[in-house]
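What's in target23.cif: mmCIF, C-alpha atoms
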```cif
data_input
#
loop_
_atom_site.group_PDB
_atom_site.id
_atom_site.type_symbol
_atom_site.label_atom_id
_atom_site.label_comp_id
_atom_site.auth_asym_id
_atom_site.auth_seq_id
_atom_site.Cartn_x
_atom_site.Cartn_y
_atom_site.Cartn_z
ATOM 1 C CA MET A 1 0.000 0.000 0.000
ATOM 2 C CA VAL A 2 1.189 3.507 -0.855
ATOM 3 C CA ASP A 3 -0.240 6.544 0.928
ATOM 4 C CA ILE A 4 0.205 9.942 -0.680
ATOM 5 C CA GLN A 5 -0.239 12.704 1.872
ATOM 6 C CA PHE A 6 -1.863 16.068 1.456
ATOM 7 C CA LYS A 7 0.515 18.979 0.831
ATOM 8 C CA LYS A 8 0.019 21.317 3.787
ATOM 9 C CA SER A 9 1.423 24.441 2.101
ATOM 10 C CA ASN A 10 -0.930 24.185 -0.900
ATOM 11 C CA ILE A 11 -3.941 23.656 1.347
ATOM 12 C CA MET A 12 -3.012 26.642 3.526
ATOM 13 C CA THR A 13 -2.480 28.831 0.452
ATOM 14 C CA GLY A 14 -5.913 27.814 -0.839
ATOM 15 C CA ILE A 15 -7.544 28.599 2.509
ATOM 16 C CA PHE A 16 -5.861 32.009 2.633
ATOM 17 C CA LEU A 17 -6.890 32.867 -0.952
ATOM 18 C CA CYS A 18 -10.508 31.840 -0.343
ATOM 19 C CA ILE A 19 -10.724 33.944 2.822
ATOM 20 C CA ALA A 20 -9.085 36.920 1.095
ATOM 21 C CA PHE A 21 -11.535 36.623 -1.811
ATOM 22 C CA ILE A 22 -14.507 36.493 0.589
ATOM 23 C CA VAL A 23 -13.234 39.591 2.408
ATOM 24 C CA LEU A 24 -12.836 41.405 -0.924
ATOM 25 C CA LEU A 25 -16.348 40.410 -2.007
ATOM 26 C CA LEU A 26 -17.793 41.549 1.328
ATOM 27 C CA PHE A 27 -15.992 44.885 0.977
ATOM 28 C CA ILE A 28 -17.412 45.346 -2.527
ATOM 29 C CA PHE A 29 -20.844 44.258 -1.281
ATOM 30 C CA TYR A 30 -20.923 46.919 1.444
ATOM 31 C CA THR A 31 -19.504 49.706 -0.709
ATOM 32 C CA SER A 32 -21.356 49.154 -3.995
ATOM 33 C CA SER A 33 -24.901 49.658 -5.169
ATOM 34 C CA ASN A 34 -27.579 47.073 -4.508
ATOM 35 C CA SER A 35 -27.694 45.978 -8.144
ATOM 36 C CA TYR A 36 -24.504 43.953 -7.644
ATOM 37 C CA ALA A 37 -25.699 42.282 -4.436
ATOM 38 C CA PRO A 38 -27.131 39.056 -5.972
ATOM 39 C CA ILE A 39 -23.950 38.419 -7.954
ATOM 40 C CA LEU A 40 -21.724 39.109 -4.961
ATOM 41 C CA ILE A 41 -23.793 36.867 -2.679
ATOM 42 C CA PHE A 42 -23.643 34.094 -5.293
ATOM 43 C CA LEU A 43 -19.845 34.436 -5.533
ATOM 44 C CA ILE A 44 -19.527 34.402 -1.736
ATOM 45 C CA CYS A 45 -21.602 31.202 -1.549
ATOM 46 C CA ILE A 46 -19.462 29.489 -4.203
ATOM 47 C CA THR A 47 -16.278 30.551 -2.427
ATOM 48 C CA LEU A 48 -17.612 29.315 0.929
ATOM 49 C CA HIS A 49 -18.354 25.945 -0.690
ATOM 50 C CA ILE A 50 -14.837 25.735 -2.111
ATOM 51 C CA LEU A 51 -13.352 26.858 1.194
ATOM 52 C CA TYR A 52 -15.126 24.188 3.195
ATOM 53 C CA PHE A 53 -15.333 21.189 0.853
ATOM 54 C CA HIS A 54 -12.030 21.666 -0.974
ATOM 55 C CA LYS A 55 -9.760 23.361 1.536
ATOM 56 C CA ILE A 56 -10.868 22.991 5.177
ATOM 57 C CA LYS A 57 -11.945 19.363 4.639
ATOM 58 C CA PHE A 58 -8.462 18.572 3.305
ATOM 59 C CA TRP A 59 -6.859 20.444 6.224
ATOM 60 C CA ILE A 60 -8.888 18.391 8.721
ATOM 61 C CA ASP A 61 -8.013 15.158 6.897
ATOM 62 C CA HIS A 62 -4.325 16.169 6.892
ATOM 63 C CA LYS A 63 -4.411 16.993 10.628
ATOM 64 C CA ASN A 64 -6.038 13.605 11.334
ATOM 65 C CA GLY A 65 -3.295 11.821 9.366
ATOM 66 C CA ARG A 66 -5.612 10.743 6.558
ATOM 67 C CA PRO A 67 -3.794 10.502 3.215
ATOM 68 C CA GLY A 68 -5.029 12.343 0.149
ATOM 69 C CA LEU A 69 -4.755 9.189 -1.928
ATOM 70 C CA SER A 70 -4.196 5.549 -0.958
ATOM 71 C CA ILE A 71 -3.039 3.079 -3.565
ATOM 72 C CA GLU A 72 -3.985 -0.323 -2.189
ATOM 73 C CA GLU A 73 -3.878 -3.916 -3.440
ATOM 74 C CA GLN A 74 -7.628 -3.867 -4.136
ATOM 75 C CA GLY A 75 -7.880 -0.363 -5.598
ATOM 76 C CA ILE A 76 -7.574 3.372 -4.977
ATOM 77 C CA LEU A 77 -9.058 5.416 -2.147
ATOM 78 C CA ASN A 78 -9.392 9.003 -3.386
ATOM 79 C CA ASN A 79 -9.839 11.571 -0.608
ATOM 80 C CA THR A 80 -9.266 14.604 -2.872
ATOM 81 C CA ALA A 81 -12.922 14.893 -3.895
ATOM 82 C CA ASP A 82 -15.726 16.349 -1.776
ATOM 83 C CA THR A 83 -16.719 12.740 -0.932
ATOM 84 C CA SER A 84 -14.102 10.026 -0.424
ATOM 85 C CA ILE A 85 -14.445 7.191 -2.915
ATOM 86 C CA PHE A 86 -12.875 3.736 -3.286
ATOM 87 C CA ILE A 87 -12.389 2.495 -6.858
ATOM 88 C CA PRO A 88 -11.369 -1.167 -7.381
ATOM 89 C CA TRP A 89 -8.610 -1.909 -9.902
ATOM 90 C CA GLU A 90 -10.969 -4.140 -11.890
ATOM 91 C CA GLU A 91 -13.123 -1.125 -12.739
ATOM 92 C CA ILE A 92 -10.238 1.147 -13.801
ATOM 93 C CA GLN A 93 -9.389 1.269 -17.499
ATOM 94 C CA SER A 94 -6.808 4.067 -17.535
ATOM 95 C CA PHE A 95 -5.595 7.331 -16.029
ATOM 96 C CA GLU A 96 -5.713 10.492 -18.121
ATOM 97 C CA SER A 97 -4.535 13.997 -17.455
ATOM 98 C CA GLY A 98 -4.654 17.606 -18.557
ATOM 99 C CA PHE A 99 -7.173 17.659 -21.354
ATOM 100 C CA PHE A 100 -10.500 17.051 -19.650
ATOM 101 C CA ARG A 101 -10.637 19.655 -16.912
ATOM 102 C CA THR A 102 -7.589 21.614 -15.790
ATOM 103 C CA GLN A 103 -3.910 21.055 -15.201
ATOM 104 C CA ASN A 104 -2.850 19.054 -12.149
ATOM 105 C CA GLN A 105 -5.902 16.829 -12.193
ATOM 106 C CA ILE A 106 -5.983 13.193 -13.181
ATOM 107 C CA PHE A 107 -9.138 11.563 -14.492
ATOM 108 C CA ILE A 108 -9.755 7.930 -13.578
ATOM 109 C CA LYS A 109 -11.394 6.300 -16.591
ATOM 110 C CA VAL A 110 -13.628 3.474 -15.352
ATOM 111 C CA ARG A 111 -15.804 0.879 -17.055
ATOM 112 C CA ASN A 112 -19.087 2.324 -15.681
ATOM 113 C CA GLU A 113 -18.948 6.089 -15.076
ATOM 114 C CA LYS A 114 -22.646 6.326 -14.172
ATOM 115 C CA LYS A 115 -22.015 4.253 -11.039
ATOM 116 C CA TYR A 116 -19.837 7.074 -9.669
ATOM 117 C CA ASP A 117 -22.432 9.715 -10.445
ATOM 118 C CA GLN A 118 -24.901 7.947 -8.136
ATOM 119 C CA VAL A 119 -22.795 7.631 -4.978
ATOM 120 C CA LYS A 120 -24.661 8.354 -1.737
ATOM 121 C CA ARG A 121 -23.813 11.826 -0.402
ATOM 122 C CA THR A 122 -25.314 14.431 1.855
ATOM 123 C CA THR A 123 -28.443 16.155 0.546
ATOM 124 C CA TYR A 124 -26.462 19.333 -0.126
ATOM 125 C CA LEU A 125 -23.736 17.550 -2.141
ATOM 126 C CA THR A 126 -26.320 15.431 -3.990
ATOM 127 C CA ALA A 127 -28.149 18.598 -5.074
ATOM 128 C CA LEU A 128 -24.893 20.258 -6.181
ATOM 129 C CA ASN A 129 -23.869 17.109 -8.069
ATOM 130 C CA THR A 130 -27.233 17.049 -9.856
ATOM 131 C CA ILE A 131 -26.745 20.660 -10.972
ATOM 132 C CA GLY A 132 -23.086 20.014 -11.800
ATOM 133 C CA ARG A 133 -23.969 17.177 -14.177
ATOM 134 C CA LEU A 134 -25.515 19.782 -16.466
ATOM 135 C CA PHE A 135 -22.081 21.404 -16.903
ATOM 136 C CA ARG A 136 -19.686 18.446 -17.038
ATOM 137 C CA SER A 137 -19.391 15.215 -18.940
ATOM 138 C CA LYS A 138 -17.419 13.242 -16.327
ATOM 139 C CA PRO A 139 -18.397 12.375 -12.723
ATOM 140 C CA ASP A 140 -16.615 14.664 -10.251
ATOM 141 C CA LEU A 141 -15.627 11.769 -7.950
ATOM 142 C CA LEU A 142 -13.372 10.329 -10.666
ATOM 143 C CA TRP A 143 -10.935 13.264 -10.538
ATOM 144 C CA ILE A 144 -7.769 13.236 -8.446
ATOM 145 C CA ASP A 145 -6.776 16.773 -7.444
ATOM 146 C CA VAL A 146 -2.974 16.581 -7.605
ATOM 147 C CA ASP A 147 -2.563 20.208 -6.459
ATOM 148 C CA VAL A 148 -3.357 19.219 -2.880
ATOM 149 C CA LEU A 149 -1.072 16.160 -2.861
ATOM 150 C CA ALA A 150 2.606 15.922 -1.928
ATOM 151 C CA ILE A 151 3.559 14.465 -5.340
ATOM 152 C CA SER A 152 3.838 15.834 -8.862
ATOM 153 C CA GLU A 153 1.253 15.019 -11.499
ATOM 154 C CA GLN A 154 3.780 13.141 -13.641
ATOM 155 C CA GLN A 155 5.084 11.087 -10.703
ATOM 156 C CA LEU A 156 1.550 10.153 -9.683
ATOM 157 C CA LEU A 157 0.553 9.250 -13.240
ATOM 158 C CA THR A 158 3.623 7.005 -13.545
ATOM 159 C CA LEU A 159 2.850 5.328 -10.214
ATOM 160 C CA LEU A 160 -0.843 4.795 -11.006
ATOM 161 C CA ARG A 161 -0.213 3.490 -14.517
ATOM 162 C CA SER A 162 2.476 1.066 -13.352
ATOM 163 C CA ARG A 163 0.195 -0.252 -10.592
ATOM 164 C CA LEU A 164 -2.689 -0.610 -13.080
ATOM 165 C CA GLY A 165 -0.413 -2.489 -15.489
ATOM 166 C CA LYS A 166 0.739 -4.781 -12.705
ATOM 167 C CA ASN A 167 -2.870 -5.454 -11.714
ATOM 168 C CA ASN A 168 -3.864 -6.199 -15.328
ATOM 169 C CA ARG A 169 -1.024 -8.748 -15.665
ATOM 170 C CA GLN A 170 -2.080 -10.484 -12.451
ATOM 171 C CA GLY A 171 -5.795 -10.565 -13.331
#
```

How would this structure read if it were set down as structure tokens?
Amino acid sequence: MVDIQFKKSNIMTGIFLCIAFIVLLLFIFYTSSNSYAPILIFLICITLHILYFHKIKFWIDHKNGRPGLSIEEQGILNNTADTSIFIPWEEIQSFESGFFRTQNQIFIKVRNEKKYDQVKRTTYLTALNTIGRLFRSKPDLLWIDVDVLAISEQQLLTLLRSRLGKNNRQG
């Protein structure tokens, strides 16, 4: 088993930037006309979501010693999404990077993507996922956010692909 830890400095930078952005939006909110209020409130809500589910959650996991990604004999445990997900090696077809979403994210291509769009979550995250499906073609739980991990994207891709190849030879 290989555990890849969260990168504390990247998480802290993300937390700081989110808080700074919220402060800026609040300043603009209080000093501007009311016509901008709905947009500013919407941006504050999005930033609060990112702050909690993509920054503070990772910080708490890091403090509790939980790795960002575990590569196990049976599969991968991805803790870099808003909901932790285990994906067995038998379901993984390949790992792809850079051309689906953004840089420093790896997409886990699986045999049945719809299965990972129907994972049980909180009511709030289920509602957001339902809305999110209108804007993306791939389930959000199948992305590994390398930016918050203590490994480079290329190193992780090499590690994941070699482990997948080893699993395919054994199976």

Check your understanding: What separation in Å, quoted to one decimal, exists between CA of Glu72 in chain A and CA of Arg133 in chain A?
Key -> 29.1 Å

Review point. Could you write out as number ranges by chain the residues that the PyMOL selection byres ((chain A and resi 45-59) around 10) matches in the shown file?
Key: A: 6-8, 10-19, 21-22, 25, 39-44, 60-68, 79-83, 125, 145, 148-149

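Residue nearest Gln105 in chain A, chosen from A:Ser162, A:Gln154, A:Ser33, A:Asn167 and counting only C-alpha atoms: A:Gln154.
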
Build an axis-aligned box that encloses every atom of range 118-132 of chain A listed in the file, pad it by 6 Å on each side, and report its centre and edge lengths in Å to one decimal, as lines of an AutoDock Vina configuration file.
```
center_x = -25.6
center_y = 14.1
center_z = -5.0
size_x = 17.6
size_y = 25.0
size_z = 25.7
```

Check your understanding: Applied to this file, what does the PyMOL selection byres ((chain A and resi 96) around 7) return in terms of residues, put as an MDAnalysis selection string?
Key -> chainID A and resid 94:95 97 106:108

Only C-alpha atoms, please: the residues just picked out, written as a CSV table (one decimal), keeping the file's coordinate frame.
```
chain,number,residue,atom,x,y,z
A,94,SER,CA,-6.8,4.1,-17.5
A,95,PHE,CA,-5.6,7.3,-16.0
A,97,SER,CA,-4.5,14.0,-17.5
A,106,ILE,CA,-6.0,13.2,-13.2
A,107,PHE,CA,-9.1,11.6,-14.5
A,108,ILE,CA,-9.8,7.9,-13.6
```

Check your understanding: Can you tell me, as a PyMOL selection string, what residues are no more than 9 Å from Pro88 in chain A when counting all atoms listed in the file, ignoring any on the same chain fewer than 2 positions away?
Key -> chain A and resi 73-77+86+90-92

Export of prior selection with C-alpha atoms as a short mmCIF file (atom, residue, chain, number, x, y, z; two decimals), in the frame of the given file:
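Output below, filename selection_25.cif:
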```
data_model
loop_
_atom_site.label_atom_id
_atom_site.label_comp_id
_atom_site.auth_asym_id
_atom_site.auth_seq_id
_atom_site.Cartn_x
_atom_site.Cartn_y
_atom_site.Cartn_z
CA GLU A 73 -3.88 -3.92 -3.44
CA GLN A 74 -7.63 -3.87 -4.14
CA GLY A 75 -7.88 -0.36 -5.60
CA ILE A 76 -7.57 3.37 -4.98
CA LEU A 77 -9.06 5.42 -2.15
CA PHE A 86 -12.88 3.74 -3.29
CA GLU A 90 -10.97 -4.14 -11.89
CA GLU A 91 -13.12 -1.12 -12.74
CA ILE A 92 -10.24 1.15 -13.80
#
```

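When CA of Ser9 in chain A is paired with CA of Val23 in chain A, their separation reads 21.1 Å.
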